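Trainee: Let me give you the structure first, and then I'll get to my questions.
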Amino acid sequence: MSDRQIQIVLDSLWPLLRAGVLYTIPLTLISFVLGLILAIIAAVIRLYAWKPLQAVAQFYVWIIRGTPLLVQLFIVFYGLPSIGVTLDPLPSAIIGFSLSVGAYGSEIVRASIQSIPKGQWEAAYSIGMTRLQALRRIILPQAARVSVPPLGNSFISLVKDTSLAASILYLEMFRKGQEIVARTYEPLLIYCEVAVIYLAFSTVLSALQHMAERRLGRSSAA
Amino acid sequence: MIQVRGLHKAFGEQQVLGGIGLELPKGKVLVIIGPSGSGKTTLLRCLNLLEIPDQGSLRIGGVSLQFQSGARPSAREVLSLRKQTGMVFQSFNLFPHMTALGNVVEAQVTVQKKSKAEARRRALELLEKVGLADKARSYPHNLSGGQQQRVAIARAMALDPEVLLFDEPTSALDPELVGEVLKVIKQLASEGMTMVIVTHLMKFAAEVADQVVLMDKGVIVEEGTPEEVFQHPKSERAVQFLNMLAD
Ligand SMILES: Nc1ncnc2c1ncn2[C@@H]1O[C@H](COP(=O)(O)OP(=O)(O)O)[C@@H](O)[C@H]1O
Ligand SMILES: [Mg+2]
């Protein structure tokens, strides 16, 4: 590497990190939290709600899981303006990613709920709980523990997937990288640098995930 | 008190309860014995409506319900009957994400809407009663089977039910842990708790029961005092069953 290239890499480190911390991470967190709420609602609906409502939830999961995330983002950002709904890049991205987390997450949450032994429901009923009380107080807290590892994986995927938001003009870390490339004509260097920062984020998150799992494992070993 | 009349229950084609009638005055203990598959668990589960009977009637405490196939009782009716009963399961079924105390507090707060402080006070009393006040902060997976089952008894009593139902409460326990659970049940009996107990332990049954019924193939084939059923059984089926247990 020439001195010039080393300088470029060093100079772009801070702007990239800044975009990561200010835009990639908030987008990830907001989309994940909203997606998780959607996932729990969709899972509970698919398991227990009135049949037509179940069909609606199933339809939602089918659509989201069966189409590319990039296409969904394009529909929201570039497509909706044709019917008068014009959204900024950030809300468009949040909608797209939340819907995605909600659909994939609902499968995880549903499987976790179903993995809780029938005896837990019966014990809850036997002390006079309604179905909703049993679900809220007894089943969901246990299902939450079961779903921590797979949801942790979804979260790490989401951090990386937010780079797709670059294509709808959201100035997160990858788009920042593209800007720097346009200025410096060093695609290999800059994109590798971007990759290394994503790798660092994922690695830290994986470590946190393992810690969380170990902690849960200790307090809930049956 | 409990009154059961003409209780029928089928699973698909299989008739599991073929017209059960029972009467148990307040403060008495009924022990149900019978071979495996005779419908004992199903009968207990019908008493707290974990299974809905197809036909017959049920009265526990002040609540009575009639059953007809095809007509499910309303959720409110189910709950009001359930609150008259406490159930102790063979496999404990404690809530693993809550401490022993949390398990006993839960229904009082969520179902009865008692204040946390009041519920904790009552829960500690109950844990004291089953000899586990010092384990209040332990999670189920840190308790022995015998301790877990005693917490489960405390949990079942938390809403002050009219009757406690026990489904083979010691059969999932290591032999050395059986005694501590039986001791608690005997103590409750001496305090006048109304109980229905399914068990295979004949000596315990003879000690604790005011009435014994022997079930076979979904019907009651023998009933009476422990003395009558164990010493002077009238039916051929009872003689066979008691001989088999004696072996
Ligand atoms: N949920 C169920 N679905 C179908 N069959 C059942 C169900 N529960 C129990 N049975 C059947 O009912 C019969 C009585 O079972 P149970 O009440 O558990 O007997 P016991 O407790 O006396 O061993 C058995 O033949 C069992 O297979
Ligand atoms: Mg049984």
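Naming scheme: A, B, ... for chains in displayed order of the structure tokens; residues 1 onward per chain; ligands 1 onward as shown.
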What residues in range 126-240 of chain B get the DSSP label helix (DSSP H, G or I)? Please answer as an MDAnalysis selection string.

Mentor: chainID B and resid 126:129 133:135 140:142 145:157 175:190 202:208 226:231 236:240

Trainee: What's around range 208-212 of chain A at 9 Å? Count only C-alpha atoms, leave out sequence neighbours fewer than 3 positions away in its own chain, and write the answer as a list in words.

Mentor: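 Surrounding residues, per the criterion: Val148, Pro149, Gly152, Asn153, Thr203, Val204, Leu205, Arg215, Leu216 and Gly217 of chain A.
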
Trainee: Can you work out which residues are within 7 Å of ligand 2, considering only C-alpha atoms and all ligand atoms, and then hand them over as a tab-separated table (two decimals) with N, CA, C and O atoms, in the first residue's frame?

Mentor:
```
chain	number	residue	atom	x	y	z
B	36	SER	N	-53.75	-48.67	36.10
B	36	SER	CA	-53.35	-47.65	35.13
B	36	SER	C	-54.31	-47.68	33.94
B	36	SER	O	-54.71	-48.75	33.47
B	37	GLY	N	-54.71	-46.50	33.50
B	37	GLY	CA	-55.62	-46.42	32.36
B	37	GLY	C	-57.08	-46.50	32.75
B	37	GLY	O	-57.97	-46.49	31.90
B	40	LYS	N	-58.45	-42.40	36.24
B	40	LYS	CA	-58.28	-41.61	37.47
B	40	LYS	C	-57.83	-40.18	37.15
B	40	LYS	O	-58.41	-39.21	37.66
B	41	THR	N	-56.81	-40.08	36.32
B	41	THR	CA	-56.33	-38.75	35.95
B	41	THR	C	-57.42	-37.96	35.23
B	41	THR	O	-57.65	-36.78	35.53
B	167	ASP	N	-52.83	-35.64	41.79
B	167	ASP	CA	-52.71	-36.76	40.84
B	167	ASP	C	-51.36	-37.45	41.05
B	167	ASP	O	-50.34	-36.98	40.57
```

Trainee: Residues of chain A within 6 Å of chain B, counting only C-alpha atoms, what are they? List them as number ranges by chain.

Mentor: A: 119-120, 127-128, 222

Trainee: Return as a ChimeraX atom specification the full set of residues in range 20-245 of chain B whose backbone-based DSSP assignment is strand (DSSP E or B).

Mentor: /B:20-24,29-33,55-60,63-68,71,85-88,163-167,195-198,211-216,219-224

Trainee: Please produce a file of those selected residues containing N, CA and C atoms, as a compact mmCIF listing (two decimals), in the first residue's frame.

Mentor:
```
# COMPACT_ATOMS: atom_id res chain seq x y z
N ILE B 20 -69.62 -41.43 36.39
CA ILE B 20 -69.02 -41.42 37.74
C ILE B 20 -69.90 -40.59 38.67
N GLY B 21 -70.17 -41.16 39.83
CA GLY B 21 -70.88 -40.41 40.86
C GLY B 21 -70.06 -40.40 42.15
N LEU B 22 -69.94 -39.23 42.76
CA LEU B 22 -69.15 -39.12 43.98
C LEU B 22 -69.80 -38.11 44.89
N GLU B 23 -69.57 -38.28 46.16
CA GLU B 23 -70.02 -37.28 47.10
C GLU B 23 -68.99 -37.20 48.21
N LEU B 24 -68.49 -36.00 48.45
CA LEU B 24 -67.45 -35.85 49.47
C LEU B 24 -67.78 -34.64 50.33
N VAL B 29 -61.34 -36.57 53.14
CA VAL B 29 -60.35 -36.93 52.15
C VAL B 29 -60.82 -38.17 51.38
N LEU B 30 -60.83 -38.03 50.06
CA LEU B 30 -61.20 -39.16 49.20
C LEU B 30 -59.95 -39.64 48.47
N VAL B 31 -59.67 -40.94 48.56
CA VAL B 31 -58.56 -41.50 47.81
C VAL B 31 -59.11 -42.33 46.66
N ILE B 32 -58.55 -42.10 45.47
CA ILE B 32 -58.96 -42.86 44.30
C ILE B 32 -57.84 -43.82 43.94
N ILE B 33 -58.17 -45.09 43.86
CA ILE B 33 -57.18 -46.07 43.41
C ILE B 33 -57.72 -46.78 42.17
N GLN B 55 -70.94 -35.26 29.72
CA GLN B 55 -72.26 -35.31 30.34
C GLN B 55 -72.11 -35.38 31.84
N GLY B 56 -73.18 -35.01 32.54
CA GLY B 56 -73.18 -35.13 33.98
C GLY B 56 -73.20 -33.78 34.65
N SER B 57 -73.03 -33.79 35.96
CA SER B 57 -73.01 -32.53 36.68
C SER B 57 -71.95 -32.55 37.76
N LEU B 58 -71.58 -31.33 38.15
CA LEU B 58 -70.46 -31.16 39.05
C LEU B 58 -70.84 -30.05 40.00
N ARG B 59 -70.63 -30.29 41.29
CA ARG B 59 -70.81 -29.18 42.21
C ARG B 59 -69.64 -29.16 43.17
N ILE B 60 -68.95 -28.04 43.21
CA ILE B 60 -67.84 -27.88 44.14
C ILE B 60 -68.01 -26.55 44.84
N VAL B 63 -70.38 -23.66 43.54
CA VAL B 63 -70.53 -23.57 42.09
C VAL B 63 -71.00 -24.90 41.52
N SER B 64 -72.07 -24.88 40.75
CA SER B 64 -72.44 -26.13 40.09
C SER B 64 -72.61 -25.93 38.60
N LEU B 65 -72.28 -26.97 37.85
CA LEU B 65 -72.33 -26.94 36.40
C LEU B 65 -72.92 -28.23 35.87
N GLN B 66 -73.66 -28.07 34.78
CA GLN B 66 -74.23 -29.23 34.08
C GLN B 66 -73.50 -29.37 32.75
N PHE B 67 -73.29 -30.57 32.33
CA PHE B 67 -72.59 -30.76 31.05
C PHE B 67 -73.45 -31.52 30.07
N GLN B 68 -73.37 -31.10 28.81
CA GLN B 68 -74.05 -31.80 27.74
C GLN B 68 -73.12 -31.83 26.55
N ALA B 71 -72.17 -28.78 24.15
CA ALA B 71 -72.35 -27.46 24.76
C ALA B 71 -71.24 -27.21 25.78
N THR B 85 -60.97 -25.12 43.08
CA THR B 85 -60.08 -26.28 43.19
C THR B 85 -58.62 -25.86 43.08
N GLY B 86 -57.75 -26.64 43.71
CA GLY B 86 -56.31 -26.48 43.50
C GLY B 86 -55.79 -27.83 43.02
N MET B 87 -54.85 -27.80 42.07
CA MET B 87 -54.40 -29.07 41.49
C MET B 87 -52.92 -29.26 41.76
N VAL B 88 -52.56 -30.46 42.20
CA VAL B 88 -51.16 -30.81 42.35
C VAL B 88 -50.84 -31.92 41.35
N VAL B 163 -61.26 -27.37 47.53
CA VAL B 163 -60.74 -28.74 47.52
C VAL B 163 -59.38 -28.78 46.81
N LEU B 164 -58.50 -29.64 47.31
CA LEU B 164 -57.21 -29.85 46.64
C LEU B 164 -57.26 -31.20 45.92
N LEU B 165 -56.79 -31.20 44.68
CA LEU B 165 -56.76 -32.43 43.88
C LEU B 165 -55.31 -32.85 43.69
N PHE B 166 -55.00 -34.10 43.97
CA PHE B 166 -53.63 -34.60 43.83
C PHE B 166 -53.61 -35.75 42.85
N ASP B 167 -52.83 -35.64 41.79
CA ASP B 167 -52.71 -36.76 40.84
C ASP B 167 -51.36 -37.45 41.05
N MET B 195 -59.81 -33.00 50.31
CA MET B 195 -58.85 -33.42 49.28
C MET B 195 -59.33 -34.65 48.52
N VAL B 196 -58.97 -34.68 47.24
CA VAL B 196 -59.16 -35.88 46.42
C VAL B 196 -57.78 -36.30 45.94
N ILE B 197 -57.37 -37.51 46.28
CA ILE B 197 -56.00 -37.93 46.04
C ILE B 197 -55.97 -39.22 45.24
N VAL B 198 -55.30 -39.18 44.10
CA VAL B 198 -55.04 -40.42 43.35
C VAL B 198 -53.66 -40.91 43.79
N GLN B 211 -62.66 -41.79 52.71
CA GLN B 211 -63.37 -42.63 51.75
C GLN B 211 -62.38 -43.09 50.69
N VAL B 212 -62.62 -44.31 50.18
CA VAL B 212 -61.79 -44.81 49.09
C VAL B 212 -62.71 -45.24 47.96
N VAL B 213 -62.34 -44.88 46.72
CA VAL B 213 -63.05 -45.50 45.60
C VAL B 213 -62.03 -46.21 44.71
N LEU B 214 -62.44 -47.32 44.18
CA LEU B 214 -61.59 -48.07 43.26
C LEU B 214 -62.21 -47.97 41.88
N MET B 215 -61.44 -47.46 40.94
CA MET B 215 -61.95 -47.32 39.57
C MET B 215 -61.38 -48.40 38.68
N ASP B 216 -62.20 -48.81 37.71
CA ASP B 216 -61.69 -49.71 36.69
C ASP B 216 -62.45 -49.42 35.40
N VAL B 219 -65.27 -46.75 35.45
CA VAL B 219 -66.38 -46.74 36.40
C VAL B 219 -65.86 -47.07 37.80
N ILE B 220 -66.67 -46.73 38.79
CA ILE B 220 -66.30 -47.05 40.17
C ILE B 220 -66.77 -48.47 40.46
N VAL B 221 -65.81 -49.33 40.86
CA VAL B 221 -66.21 -50.72 41.08
C VAL B 221 -66.29 -51.07 42.57
N GLU B 222 -65.79 -50.17 43.40
CA GLU B 222 -65.83 -50.46 44.85
C GLU B 222 -65.71 -49.13 45.57
N GLU B 223 -66.48 -48.94 46.62
CA GLU B 223 -66.28 -47.72 47.40
C GLU B 223 -66.68 -47.93 48.84
N GLY B 224 -66.06 -47.12 49.71
CA GLY B 224 -66.37 -47.25 51.13
C GLY B 224 -65.26 -46.65 51.96
```
